[in-house]
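Single-structure report; data block below.
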Amino acid sequence: MKEVDRRPRLNVAYGSWELIWAHVHRVLVVNLGIAVTHLPLLLALQVSHQPWRHPVFFGLLLLMLPGPSLAAAFAYLGATTGDEQAPVRLFFRAYRQLFRRAVLVSAPFVLLVIAAVADVVTMRTAVLGTAVAPVAVVVALVAASAWPVALAHVAGGGAVERQLFLLAPYAVVRHGVLALMNMALGTVALFLVNQAPLLGLAVLPGCVLFVVWRNCRVMVVFRGRDAVAEPVAREVVRDGVRKRKLDLSGSLRSRAVRATAPRS
């Protein structure tokens, strides 16, 4: 009798492959967008290996670059769900549309982190340093954790309001486990990118930001009128050609809207 081959076979459905490659495509697009939008900061770090000696210059770069990049990445991830493969231009369109709001949201958190770190460095040898330093460390950690939560609100089409700067830290304290996960992932990613910049930027940002974005969606505390709106990826049919657009107008719809071709 012929022996039956009982070796396990890899039988992945076509739809599963589509989903896998779509996720890989999203990660690669986010990696490319993060690398391109952070080129000025990367070049500045190549020129000066001690950024703390130029606090004003690098402080301005931190205010202008990371916030819009993260907001664009969140908007892109929110607009591409399932097996969809959104084009690269969708990321840069979101970056352009969200730039002003992302900078306005990032400024208080970035400045608070810089001030807290400066206090820790300058007061560690002072008499009150042992009492002030732990408080400053906690403030810096909460502000750094609340920053992506606020950017997720902006990326979803939410308005920049004063209560956002209070509710984002509250969300961090309320969901401490998710905040610690985001902080740990961000720290590991920055460390690995610092050790191997090209390889790190090519692999890590998209994977890490996907997890951070999903966690921030859970942590956001705005509801009702202030609910975070998912970016709507619309496919508009014009002259028989489907074109994908990113709607950041603040609509509270959370699912993609596909326009159907007009019947003749």
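Chains: A, B, ... in order of the structure tokens. Residues: from 1 per chain. Ligands: from 1, in order shown.
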
Could you list, as a count of residues only, every residue within 10 Å of Ala35 in chain A, counting only C-alpha atoms and ignoring same-chain residues fewer than 6 positions away?
9

Need the shell around range 106-114 of chain A: protein/DNA/RNA residues with any atom at most 8 Å away, counting only C-alpha atoms. Skip same-chain ones fewer than 6 positions apart. Format as a list in words?
Leu62, Leu63, Gly67, Val139, Ala140, Leu141, Ala143, Ala144, Ala146, Trp147 and Leu151 of chain A

Nearby residues (only C-alpha atoms) at most 6 Å from Ala168 in chain A, same-chain spacing under 2 positions excluded, as a list in words:
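So the residues in contact are Ala146, Val149, Ala150, Leu164, Phe165, Leu166, Tyr170 and Ala171 of chain A.
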
Same residues, N, CA and C atoms, output as a tab-separated table (two decimals), in the first residue's frame:
chain	number	residue	atom	x	y	z
A	146	ALA	N	0.62	61.29	26.69
A	146	ALA	CA	-0.62	61.94	26.25
A	146	ALA	C	-0.49	62.54	24.86
A	149	VAL	N	-1.99	60.40	22.08
A	149	VAL	CA	-3.44	60.33	22.25
A	149	VAL	C	-4.11	61.57	21.67
A	150	ALA	N	-3.52	62.74	21.95
A	150	ALA	CA	-4.06	63.98	21.38
A	150	ALA	C	-3.92	64.00	19.87
A	164	LEU	N	-8.89	69.29	25.32
A	164	LEU	CA	-8.07	68.18	24.82
A	164	LEU	C	-6.80	68.02	25.63
A	165	PHE	N	-6.20	69.14	26.07
A	165	PHE	CA	-4.94	69.08	26.80
A	165	PHE	C	-5.15	68.60	28.25
A	166	LEU	N	-6.38	68.51	28.68
A	166	LEU	CA	-6.68	67.94	30.00
A	166	LEU	C	-7.16	66.50	29.89
A	170	TYR	N	-5.66	62.65	31.18
A	170	TYR	CA	-6.59	61.82	31.95
A	170	TYR	C	-6.73	60.43	31.34
A	171	ALA	N	-6.76	60.37	30.00
A	171	ALA	CA	-6.84	59.08	29.33
A	171	ALA	C	-5.61	58.24	29.61

Go through A:Val117, A:Val203, A:Met181, A:Ala102 and flag the residue nearest Gly158 in chain A, using only C-alpha atoms for the distances.
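Answer, going by the shortest atom-to-atom distance: A:Ala102.
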
Using only C-alpha atoms for the distances, tell me which of A:Gln46, A:Phe91, A:Leu104, A:His25 is nearest to Met64 in chain A.
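Among the listed residues, A:Leu104 lies closest to Met64 in chain A.
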
Closest of A:Ala159, A:Val172, A:Val220, A:Leu60 to Ser145 in chain A - atom-to-atom distances counting only C-alpha atoms
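Closest residue, counting only C-alpha atoms: A:Val172.
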
Could you work out how far CA of His153 in chain A lies from CA of Pro55 in chain A, giving the answer in Å with one decimal?
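Rounded to one decimal, the two atoms are 28.7 Å apart.
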
So that I can see what lies close to Leu192 in chain A, please list as a list of chain:residue names the residues with an atom at most 10 Å from it, counting only C-alpha atoms and leaving out residues fewer than 6 positions away in the same chain.
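My reading of the contact set: A:Gly186, A:Leu199, A:Gly200, A:Leu201, A:Leu204.
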
For the residues selected in the previous step, produce a file with all heavy atoms as a compact mmCIF listing (two decimals), in the first residue's frame.
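Done, and the output landed in out-v9.txt:
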# COMPACT_ATOMS: atom_id res chain seq x y z
N GLY A 186 7.80 52.74 21.99
CA GLY A 186 8.49 53.91 21.46
C GLY A 186 9.94 53.97 21.88
O GLY A 186 10.82 54.31 21.07
N LEU A 199 18.22 50.43 8.73
CA LEU A 199 17.42 49.23 8.95
C LEU A 199 16.24 49.50 9.87
O LEU A 199 15.13 49.01 9.65
CB LEU A 199 18.30 48.11 9.53
CG LEU A 199 17.60 46.76 9.77
CD1 LEU A 199 17.08 46.19 8.47
CD2 LEU A 199 18.57 45.79 10.44
N GLY A 200 16.47 50.31 10.92
CA GLY A 200 15.40 50.62 11.85
C GLY A 200 14.27 51.40 11.20
O GLY A 200 13.09 51.09 11.39
N LEU A 201 14.61 52.43 10.42
CA LEU A 201 13.59 53.22 9.75
C LEU A 201 12.86 52.42 8.68
O LEU A 201 11.70 52.72 8.36
CB LEU A 201 14.22 54.47 9.12
CG LEU A 201 14.67 55.55 10.10
CD1 LEU A 201 15.39 56.66 9.36
CD2 LEU A 201 13.48 56.12 10.86
N LEU A 204 10.82 49.39 11.55
CA LEU A 204 10.16 49.57 12.84
C LEU A 204 9.00 50.56 12.88
O LEU A 204 7.96 50.27 13.49
CB LEU A 204 11.20 49.96 13.90
CG LEU A 204 12.21 48.88 14.26
CD1 LEU A 204 13.24 49.42 15.22
CD2 LEU A 204 11.50 47.68 14.85

Can you list, as JSON, numbers by chain, all residues belonging to range 37-241 of chain A that DSSP tags as strand (DSSP E or B)?
{"A": [232, 233, 234, 235, 236, 237, 238, 241]}

As an exercise, work out the distance from CA of Leu209 in chain A to CA of Trp52 in chain A in Å and give it to one decimal place.
26.2 Å
